[in-house]
$ cat entry.tsv   # TSV, C-alpha atoms
chain	number	residue	atom	x	y	z
A	1	MET	CA	-9.67	-2.35	-23.62
A	2	GLU	CA	-8.21	-0.91	-20.43
A	3	GLN	CA	-7.31	2.77	-20.33
A	4	LEU	CA	-3.69	3.67	-19.55
A	5	LYS	CA	-3.91	6.64	-17.21
A	6	VAL	CA	-0.81	8.63	-16.40
A	7	LEU	CA	0.01	11.81	-14.53
A	8	PHE	CA	3.15	13.80	-15.35
A	9	HIS	CA	4.54	15.96	-12.56
A	10	VAL	CA	6.48	18.96	-13.86
A	11	SER	CA	8.08	21.03	-11.08
A	12	ASP	CA	10.93	22.55	-13.03
A	13	ASN	CA	11.00	24.45	-16.32
A	14	GLU	CA	13.85	22.30	-17.60
A	15	LEU	CA	11.55	19.27	-17.53
A	16	TRP	CA	8.91	20.60	-19.90
A	17	ARG	CA	10.52	19.49	-23.17
A	18	LYS	CA	11.20	16.03	-21.81
A	19	ALA	CA	7.63	15.80	-20.51
A	20	LEU	CA	6.03	16.86	-23.80
A	21	ALA	CA	8.25	14.49	-25.82
A	22	ASN	CA	7.37	11.64	-23.43
A	23	ILE	CA	3.66	12.32	-23.86
A	24	GLU	CA	3.98	12.53	-27.63
A	25	ASN	CA	5.72	9.14	-27.74
A	26	PHE	CA	3.25	7.62	-25.29
A	27	LEU	CA	0.20	8.71	-27.29
A	28	ASN	CA	1.81	7.54	-30.53
A	29	ASP	CA	2.29	4.14	-28.87
A	30	VAL	CA	-1.08	3.62	-27.18
A	31	GLY	CA	-3.44	5.89	-29.16
A	32	GLU	CA	-6.88	6.46	-27.66
A	33	ARG	CA	-6.19	4.18	-24.72
A	34	GLY	CA	-3.98	6.91	-23.23
A	35	GLU	CA	-5.33	9.40	-20.67
A	36	VAL	CA	-2.77	12.03	-19.74
A	37	GLU	CA	-2.78	14.77	-17.12
A	38	ILE	CA	0.05	17.18	-16.41
A	39	VAL	CA	0.34	18.85	-13.02
A	40	ALA	CA	2.72	21.82	-13.07
A	41	ASN	CA	3.78	23.24	-9.73
A	42	ALA	CA	6.69	25.22	-8.24
A	43	ALA	CA	8.64	27.23	-10.85
A	44	ALA	CA	7.25	25.13	-13.72
A	45	VAL	CA	3.97	27.08	-13.80
A	46	SER	CA	5.77	30.04	-15.36
A	47	ALA	CA	6.13	28.14	-18.66
A	48	TYR	CA	2.41	28.61	-19.23
A	49	TYR	CA	3.16	32.33	-19.61
A	50	SER	CA	5.88	31.85	-22.26
A	51	THR	CA	6.17	34.42	-25.00
A	52	GLY	CA	8.61	35.26	-27.78
A	53	GLU	CA	10.97	32.49	-28.81
A	54	LYS	CA	9.66	30.24	-26.02
A	55	LYS	CA	6.21	30.50	-27.54
A	56	GLU	CA	6.80	27.23	-29.43
A	57	LEU	CA	6.52	25.43	-26.08
A	58	ILE	CA	2.99	26.80	-25.71
A	59	ASP	CA	2.21	25.80	-29.31
A	60	GLU	CA	3.20	22.21	-28.51
A	61	MET	CA	1.10	22.26	-25.33
A	62	VAL	CA	-1.93	23.53	-27.24
A	63	ARG	CA	-1.47	20.79	-29.82
A	64	LEU	CA	-1.35	18.10	-27.12
A	65	SER	CA	-4.26	19.72	-25.33
A	66	GLN	CA	-6.31	19.39	-28.51
A	67	MET	CA	-5.40	15.68	-28.50
A	68	GLY	CA	-6.97	15.38	-25.04
A	69	VAL	CA	-4.03	15.98	-22.70
A	70	HIS	CA	-5.22	17.75	-19.57
A	71	PHE	CA	-2.96	20.60	-18.39
A	72	THR	CA	-3.23	21.91	-14.82
A	73	ALA	CA	-1.40	24.52	-12.75
A	74	CYS	CA	-1.00	24.79	-8.98
A	75	LYS	CA	-2.64	27.97	-7.66
A	76	ASN	CA	-0.16	28.25	-4.78
A	77	ALA	CA	2.73	28.21	-7.24
A	78	ILE	CA	1.12	30.86	-9.46
A	79	LYS	CA	0.77	33.15	-6.45
A	80	ALA	CA	4.25	32.36	-5.12
A	81	HIS	CA	5.77	33.37	-8.46
A	82	ASN	CA	3.69	36.58	-8.72
A	83	LEU	CA	1.98	35.43	-11.90
A	84	GLU	CA	-1.46	36.65	-12.98
A	85	LEU	CA	-4.22	34.04	-12.79
A	86	SER	CA	-6.20	36.05	-15.33
A	87	LEU	CA	-3.41	35.78	-17.91
A	88	LEU	CA	-3.18	31.99	-17.79
A	89	PRO	CA	-4.07	30.45	-21.18
A	90	SER	CA	-7.53	28.95	-21.27
A	91	PHE	CA	-6.38	25.37	-22.00
A	92	VAL	CA	-4.87	25.21	-18.49
A	93	GLU	CA	-7.02	24.33	-15.48
A	94	VAL	CA	-6.08	25.85	-12.11
A	95	VAL	CA	-6.05	23.44	-9.17
A	96	PRO	CA	-5.94	24.72	-5.56
A	97	ALA	CA	-2.84	22.68	-4.65
A	98	GLY	CA	-0.77	20.70	-7.11
A	99	ILE	CA	0.24	18.06	-4.59
A	100	THR	CA	-3.37	17.34	-3.62
A	101	GLU	CA	-4.22	16.86	-7.30
A	102	ILE	CA	-1.31	14.42	-7.72
A	103	VAL	CA	-2.27	12.43	-4.63
A	104	LYS	CA	-5.91	12.18	-5.71
A	105	LYS	CA	-5.05	11.09	-9.25
A	106	GLN	CA	-2.74	8.34	-8.00
A	107	GLY	CA	-5.65	7.24	-5.79
A	108	GLU	CA	-7.77	7.00	-8.97
A	109	GLY	CA	-5.26	4.66	-10.60
A	110	TYR	CA	-3.11	7.10	-12.51
A	111	ALA	CA	0.53	6.07	-12.83
A	112	TYR	CA	2.99	8.75	-11.69
A	113	ILE	CA	5.86	9.94	-13.83
A	114	LYS	CA	8.50	12.52	-13.04
A	115	PRO	CA	10.10	13.24	-16.43
B	1	MET	CA	5.88	-13.97	1.54
B	2	GLU	CA	4.84	-11.00	-0.57
B	3	GLN	CA	7.12	-9.86	-3.37
B	4	LEU	CA	8.37	-6.29	-3.29
B	5	LYS	CA	8.17	-5.07	-6.88
B	6	VAL	CA	9.80	-1.82	-7.89
B	7	LEU	CA	10.45	0.07	-11.10
B	8	PHE	CA	13.32	2.56	-11.36
B	9	HIS	CA	12.93	5.30	-13.94
B	10	VAL	CA	16.26	6.60	-15.22
B	11	SER	CA	15.89	9.53	-17.64
B	12	ASP	CA	19.24	11.18	-17.10
B	13	ASN	CA	22.78	9.79	-17.19
B	14	GLU	CA	23.61	11.47	-13.88
B	15	LEU	CA	21.04	9.27	-12.17
B	16	TRP	CA	22.59	5.92	-13.08
B	17	ARG	CA	25.02	5.63	-10.16
B	18	LYS	CA	22.35	6.60	-7.67
B	19	ALA	CA	19.93	4.12	-9.23
B	20	LEU	CA	22.39	1.21	-9.16
B	21	ALA	CA	23.42	1.97	-5.56
B	22	ASN	CA	19.73	2.14	-4.54
B	23	ILE	CA	19.08	-1.24	-6.13
B	24	GLU	CA	22.13	-2.82	-4.51
B	25	ASN	CA	20.98	-1.61	-1.07
B	26	PHE	CA	17.42	-2.69	-1.72
B	27	LEU	CA	18.39	-6.22	-2.74
B	28	ASN	CA	20.76	-6.51	0.23
B	29	ASP	CA	17.84	-5.57	2.44
B	30	VAL	CA	15.05	-7.72	1.03
B	31	GLY	CA	16.88	-10.55	-0.74
B	32	GLU	CA	14.81	-12.76	-3.02
B	33	ARG	CA	11.61	-10.90	-2.21
B	34	GLY	CA	12.81	-8.06	-4.43
B	35	GLU	CA	11.76	-7.76	-8.08
B	36	VAL	CA	13.45	-4.87	-9.86
B	37	GLU	CA	13.00	-3.39	-13.31
B	38	ILE	CA	14.83	-0.38	-14.71
B	39	VAL	CA	13.33	1.66	-17.53
B	40	ALA	CA	15.86	3.95	-19.18
B	41	ASN	CA	14.51	6.62	-21.51
B	42	ALA	CA	15.55	10.03	-22.87
B	43	ALA	CA	19.33	10.62	-22.73
B	44	ALA	CA	19.83	7.83	-20.16
B	45	VAL	CA	19.75	5.11	-22.81
B	46	SER	CA	23.21	6.15	-23.98
B	47	ALA	CA	24.77	4.70	-20.79
B	48	TYR	CA	24.08	1.23	-22.16
B	49	TYR	CA	26.70	1.99	-24.83
B	50	SER	CA	29.41	3.03	-22.34
B	51	THR	CA	32.99	2.15	-23.15
B	52	GLY	CA	36.44	3.02	-21.80
B	53	GLU	CA	36.55	4.32	-18.24
B	54	LYS	CA	32.76	4.39	-18.05
B	55	LYS	CA	32.75	0.66	-18.73
B	56	GLU	CA	32.60	-0.02	-14.98
B	57	LEU	CA	29.00	1.22	-15.08
B	58	ILE	CA	28.18	-1.57	-17.54
B	59	ASP	CA	30.03	-4.08	-15.36
B	60	GLU	CA	27.83	-3.12	-12.40
B	61	MET	CA	24.70	-3.39	-14.58
B	62	VAL	CA	25.71	-6.86	-15.76
B	63	ARG	CA	26.31	-7.95	-12.17
B	64	LEU	CA	22.84	-6.73	-11.11
B	65	SER	CA	21.32	-8.26	-14.23
B	66	GLN	CA	22.78	-11.61	-13.18
B	67	MET	CA	21.05	-11.13	-9.82
B	68	GLY	CA	17.72	-10.83	-11.64
B	69	VAL	CA	17.39	-7.09	-12.21
B	70	HIS	CA	15.57	-6.45	-15.49
B	71	PHE	CA	17.09	-3.68	-17.65
B	72	THR	CA	15.04	-2.08	-20.42
B	73	ALA	CA	15.59	0.74	-22.91
B	74	CYS	CA	13.06	2.94	-24.70
B	75	LYS	CA	13.22	2.40	-28.48
B	76	ASN	CA	12.13	5.99	-29.19
B	77	ALA	CA	15.01	7.30	-27.10
B	78	ILE	CA	17.54	5.05	-28.84
B	79	LYS	CA	16.41	6.39	-32.21
B	80	ALA	CA	16.26	10.01	-31.01
B	81	HIS	CA	19.88	9.78	-29.84
B	82	ASN	CA	21.07	8.11	-33.07
B	83	LEU	CA	22.21	4.97	-31.25
B	84	GLU	CA	22.42	1.56	-32.90
B	85	LEU	CA	19.82	-0.95	-31.73
B	86	SER	CA	22.11	-3.76	-32.89
B	87	LEU	CA	24.93	-2.59	-30.60
B	88	LEU	CA	22.81	-2.65	-27.44
B	89	PRO	CA	24.18	-5.21	-24.94
B	90	SER	CA	22.13	-8.39	-24.77
B	91	PHE	CA	21.17	-8.02	-21.10
B	92	VAL	CA	19.00	-5.02	-22.07
B	93	GLU	CA	15.47	-5.49	-23.38
B	94	VAL	CA	14.13	-2.93	-25.85
B	95	VAL	CA	10.60	-1.67	-25.16
B	96	PRO	CA	8.65	0.28	-27.80
B	97	ALA	CA	7.97	3.26	-25.51
B	98	GLY	CA	9.49	3.71	-22.06
B	99	ILE	CA	6.51	5.62	-20.68
B	100	THR	CA	4.08	2.90	-21.70
B	101	GLU	CA	6.25	0.32	-19.92
B	102	ILE	CA	6.30	2.44	-16.74
B	103	VAL	CA	2.53	2.95	-16.79
B	104	LYS	CA	1.87	-0.77	-17.30
B	105	LYS	CA	4.24	-1.83	-14.52
B	106	GLN	CA	2.63	0.56	-12.04
B	107	GLY	CA	-0.69	-0.97	-13.06
B	108	GLU	CA	0.78	-4.38	-12.14
B	109	GLY	CA	1.62	-3.18	-8.62
B	110	TYR	CA	5.19	-2.05	-9.11
B	111	ALA	CA	6.22	0.88	-6.92
B	112	TYR	CA	7.73	3.79	-8.86
B	113	ILE	CA	11.05	5.35	-7.94
B	114	LYS	CA	12.85	8.26	-9.57
B	115	PRO	CA	16.38	8.05	-8.12
C	1	MET	CA	-13.60	10.95	5.07
C	2	GLU	CA	-10.77	9.24	3.21
C	3	GLN	CA	-7.21	9.95	4.26
C	4	LEU	CA	-4.83	11.35	1.65
C	5	LYS	CA	-1.56	9.52	2.19
C	6	VAL	CA	1.58	10.71	0.47
C	7	LEU	CA	5.26	9.88	0.54
C	8	PHE	CA	7.88	12.44	-0.48
C	9	HIS	CA	11.19	11.06	-1.72
C	10	VAL	CA	14.09	13.45	-1.14
C	11	SER	CA	17.38	12.19	-2.59
C	12	ASP	CA	19.12	15.50	-3.12
C	13	ASN	CA	19.72	18.42	-0.77
C	14	GLU	CA	18.48	20.88	-3.38
C	15	LEU	CA	15.02	19.31	-3.16
C	16	TRP	CA	14.43	19.94	0.55
C	17	ARG	CA	12.98	23.46	0.28
C	18	LYS	CA	10.67	22.43	-2.52
C	19	ALA	CA	9.58	19.36	-0.55
C	20	LEU	CA	8.85	21.30	2.65
C	21	ALA	CA	6.94	24.02	0.73
C	22	ASN	CA	4.92	21.31	-1.07
C	23	ILE	CA	4.01	19.69	2.24
C	24	GLU	CA	3.06	23.02	3.82
C	25	ASN	CA	0.71	23.79	0.89
C	26	PHE	CA	-0.71	20.28	0.90
C	27	LEU	CA	-1.53	20.35	4.63
C	28	ASN	CA	-3.04	23.83	4.31
C	29	ASP	CA	-5.26	22.44	1.57
C	30	VAL	CA	-6.41	19.14	3.09
C	31	GLY	CA	-5.96	19.65	6.83
C	32	GLU	CA	-6.24	16.57	9.02
C	33	ARG	CA	-7.01	14.31	6.06
C	34	GLY	CA	-3.33	14.52	5.08
C	35	GLU	CA	-0.82	11.86	6.14
C	36	VAL	CA	2.73	12.70	5.07
C	37	GLU	CA	5.97	10.74	5.25
C	38	ILE	CA	9.35	11.89	3.96
C	39	VAL	CA	12.02	9.36	3.04
C	40	ALA	CA	15.46	10.95	2.71
C	41	ASN	CA	18.17	8.87	1.09
C	42	ALA	CA	21.45	9.40	-0.79
C	43	ALA	CA	23.08	12.79	-0.11
C	44	ALA	CA	19.81	14.25	1.21
C	45	VAL	CA	20.26	12.67	4.64
C	46	SER	CA	22.99	15.21	5.43
C	47	ALA	CA	20.38	17.99	5.71
C	48	TYR	CA	19.24	16.45	9.00
C	49	TYR	CA	22.63	17.49	10.41
C	50	SER	CA	22.35	21.14	9.33
C	51	THR	CA	23.80	23.79	11.58
C	52	GLY	CA	24.53	27.52	11.38
C	53	GLU	CA	22.60	29.45	8.76
C	54	LYS	CA	21.09	26.24	7.38
C	55	LYS	CA	19.57	25.62	10.80
C	56	GLU	CA	16.31	27.24	9.62
C	57	LEU	CA	15.73	24.16	7.45
C	58	ILE	CA	15.74	22.03	10.60
C	59	ASP	CA	13.40	24.50	12.32
C	60	GLU	CA	10.91	24.10	9.48
C	61	MET	CA	11.24	20.31	9.65
C	62	VAL	CA	10.59	20.32	13.39
C	63	ARG	CA	7.53	22.49	12.90
C	64	LEU	CA	6.13	20.10	10.27
C	65	SER	CA	7.06	17.14	12.43
C	66	GLN	CA	4.96	18.64	15.25
C	67	MET	CA	2.07	18.83	12.76
C	68	GLY	CA	2.37	15.06	12.25
C	69	VAL	CA	4.74	14.79	9.27
C	70	HIS	CA	6.86	11.66	9.61
C	71	PHE	CA	10.56	12.16	8.77
C	72	THR	CA	12.78	9.15	8.02
C	73	ALA	CA	16.40	8.63	6.96
C	74	CYS	CA	18.02	5.74	5.11
C	75	LYS	CA	20.60	4.00	7.29
C	76	ASN	CA	22.70	3.00	4.28
C	77	ALA	CA	22.93	6.63	3.18
C	78	ILE	CA	23.92	7.80	6.67
C	79	LYS	CA	26.77	5.29	6.69
C	80	ALA	CA	27.80	6.03	3.11
C	81	HIS	CA	28.15	9.73	3.95
C	82	ASN	CA	30.08	9.07	7.17
C	83	LEU	CA	27.41	10.67	9.35
C	84	GLU	CA	26.87	9.77	13.00
C	85	LEU	CA	23.65	7.90	13.71
C	86	SER	CA	23.84	9.10	17.32
C	87	LEU	CA	23.80	12.75	16.23
C	88	LEU	CA	20.61	12.46	14.18
C	89	PRO	CA	17.82	14.66	15.63
C	90	SER	CA	15.21	12.68	17.53
C	91	PHE	CA	12.29	13.66	15.26
C	92	VAL	CA	13.86	11.56	12.48
C	93	GLU	CA	13.28	7.80	12.32
C	94	VAL	CA	16.05	5.65	10.85
C	95	VAL	CA	14.92	3.03	8.32
C	96	PRO	CA	17.25	0.18	7.25
C	97	ALA	CA	16.93	0.95	3.53
C	98	GLY	CA	15.14	3.99	2.12
C	99	ILE	CA	14.05	2.23	-1.06
C	100	THR	CA	12.42	-0.61	0.87
C	101	GLU	CA	10.47	1.94	2.92
C	102	ILE	CA	9.28	3.70	-0.25
C	103	VAL	CA	8.21	0.44	-1.88
C	104	LYS	CA	6.30	-0.67	1.22
C	105	LYS	CA	4.52	2.64	1.63
C	106	GLN	CA	3.37	2.65	-2.01
C	107	GLY	CA	2.07	-0.86	-1.35
C	108	GLU	CA	0.05	0.59	1.55
C	109	GLY	CA	-1.63	3.13	-0.74
C	110	TYR	CA	0.68	6.09	-0.30
C	111	ALA	CA	1.01	8.29	-3.37
C	112	TYR	CA	4.63	8.91	-4.44
C	113	ILE	CA	6.01	12.36	-5.06
C	114	LYS	CA	9.50	13.37	-6.17
C	115	PRO	CA	9.61	17.11	-5.50
$ encode --input "entry.tsv" --output "structure tokens"
Amino acid sequence: MEQLKVLFHVSDNELWRKALANIENFLNDVGERGEVEIVANAAAVSAYYSTGEKKELIDEMVRLSQMGVHFTACKNAIKAHNLELSLLPSFVEVVPAGITEIVKKQGEGYAYIKP
Amino acid sequence: MEQLKVLFHVSDNELWRKALANIENFLNDVGERGEVEIVANAAAVSAYYSTGEKKELIDEMVRLSQMGVHFTACKNAIKAHNLELSLLPSFVEVVPAGITEIVKKQGEGYAYIKP
Amino acid sequence: MEQLKVLFHVSDNELWRKALANIENFLNDVGERGEVEIVANAAAVSAYYSTGEKKELIDEMVRLSQMGVHFTACKNAIKAHNLELSLLPSFVEVVPAGITEIVKKQGEGYAYIKP
């Protein structure tokens, strides 16, 4: 059975909830055939550092990560927003440039979705 | 002559006018070579239920639908927004999960556009 | 070495800075392997006519253009916003319909990015 590979591009903090809900619905629909990667760049990388009442966003990410969703963050964006690489949660992989990651994944057959 | 297949992803009610104008221009440009599908998910599904002064949006959709544009709506989004499946206009096809539809269409060679 | 081809779709003036920063980072990361085209449609075409304090946006575009980035503008959008074709800067290529250009480029293997 063919895999359904999809990359979500999150460049804006407002898009996170929509993105995570989309992924939840997608995985409920296709089950183990789904392969999901999220590339966060621009201001959206700051959500990985959420604390306090926004912590529930991280909890949802961790849950999806445990279901196999691959979370990445653009290194350029982390630097541009003066965030600490060493404080990034361990379920997130740092990629040198978010755009390069997105281009390569589309080249590997991933569908692109901007939530 | 090759077909030019394109999927428009509308996830926000503000994007509808831009999407419909894009499609109008596209079909004027390429004529019968164009194959267009719209996937509406998230809050954007509510536009299918427009009445009153927003009814002109539906009129434009119906016109494009008669020109062959394929309108779909995400079932998860309809439920999440407490909308009635049975009140959806008949030119709209319900798909179980909007994201799955988008991923499959890209796999079939449809270009992706977020208006 | 494979080329990394990517099309940026800018449909909103707010997206220009993000788009240009993305492209800058991408080219820094991949160097001469990168091939970048920008399609501006809808309201975003007006940025090509920037003057005064917004002139720095044009300066950045020109700089990227000299690095090989290909800037295009949708003719329909230029007309719809009552802009003068003859006043468009010469580094910008006019395309008959922005959507058609985007669909064709994806068909040629360009990745799609909405900044």
$ residues_near_point --input "entry.tsv" --point "(-5.0, 10.8, -10.9)" --cutoff "12 Å" --atoms "all atoms listed in the file" --output "MDAnalysis selection string"
(chainID A and resid 4:9 35:39 70 72 98:113) or (chainID C and resid 111:112)
$ atom_distance --input "entry.tsv" --atom1 "atom CA of C:Ser11" --atom2 "atom CA of A:Leu15"
17.5 Å
$ closest_residue --input "entry.tsv" --among "A:Leu64, A:Ile78, A:Val92, A:Ala42" --to "chain C" --atoms "only C-alpha atoms"
A:Ala42
$ residues_near_point --input "entry.tsv" --point "(16.6, 21.8, -1.8)" --cutoff "12 Å" --atoms "all atoms listed in the file" --output "number ranges by chain"
C: 10-22, 40, 43-47, 54, 57, 114-115
$ residues_around --input "entry.tsv" --residues "stretch 94-96 of chain C" --least-positions-apart "3" --cutoff "7 Å" --atoms "all atoms listed in the file" --output "number ranges by chain"
C: 72-76
$ atom_distance --input "entry.tsv" --atom1 "atom CA of C:Phe71" --atom2 "atom CA of C:Asp29"
20.2 Å
$ closest_residue --input "entry.tsv" --among "C:Glu2, C:Lys55, C:Asn82, C:Asn41" --to "chain B" --atoms "only C-alpha atoms"
C:Asn41
$ closest_residue --input "entry.tsv" --among "B:Met1, B:Leu87, B:Val30, B:Ile58" --to "chain C" --atoms "all atoms listed in the file"
B:Val30
$ atom_distance --input "entry.tsv" --atom1 "atom CA of B:Gly52" --atom2 "atom CA of B:Ala97"
28.7 Å
$ closest_residue --input "entry.tsv" --among "C:Met67, C:Ala77, C:Thr51, C:Val62" --to "B:Asn25" --atoms "all atoms listed in the file"
C:Ala77
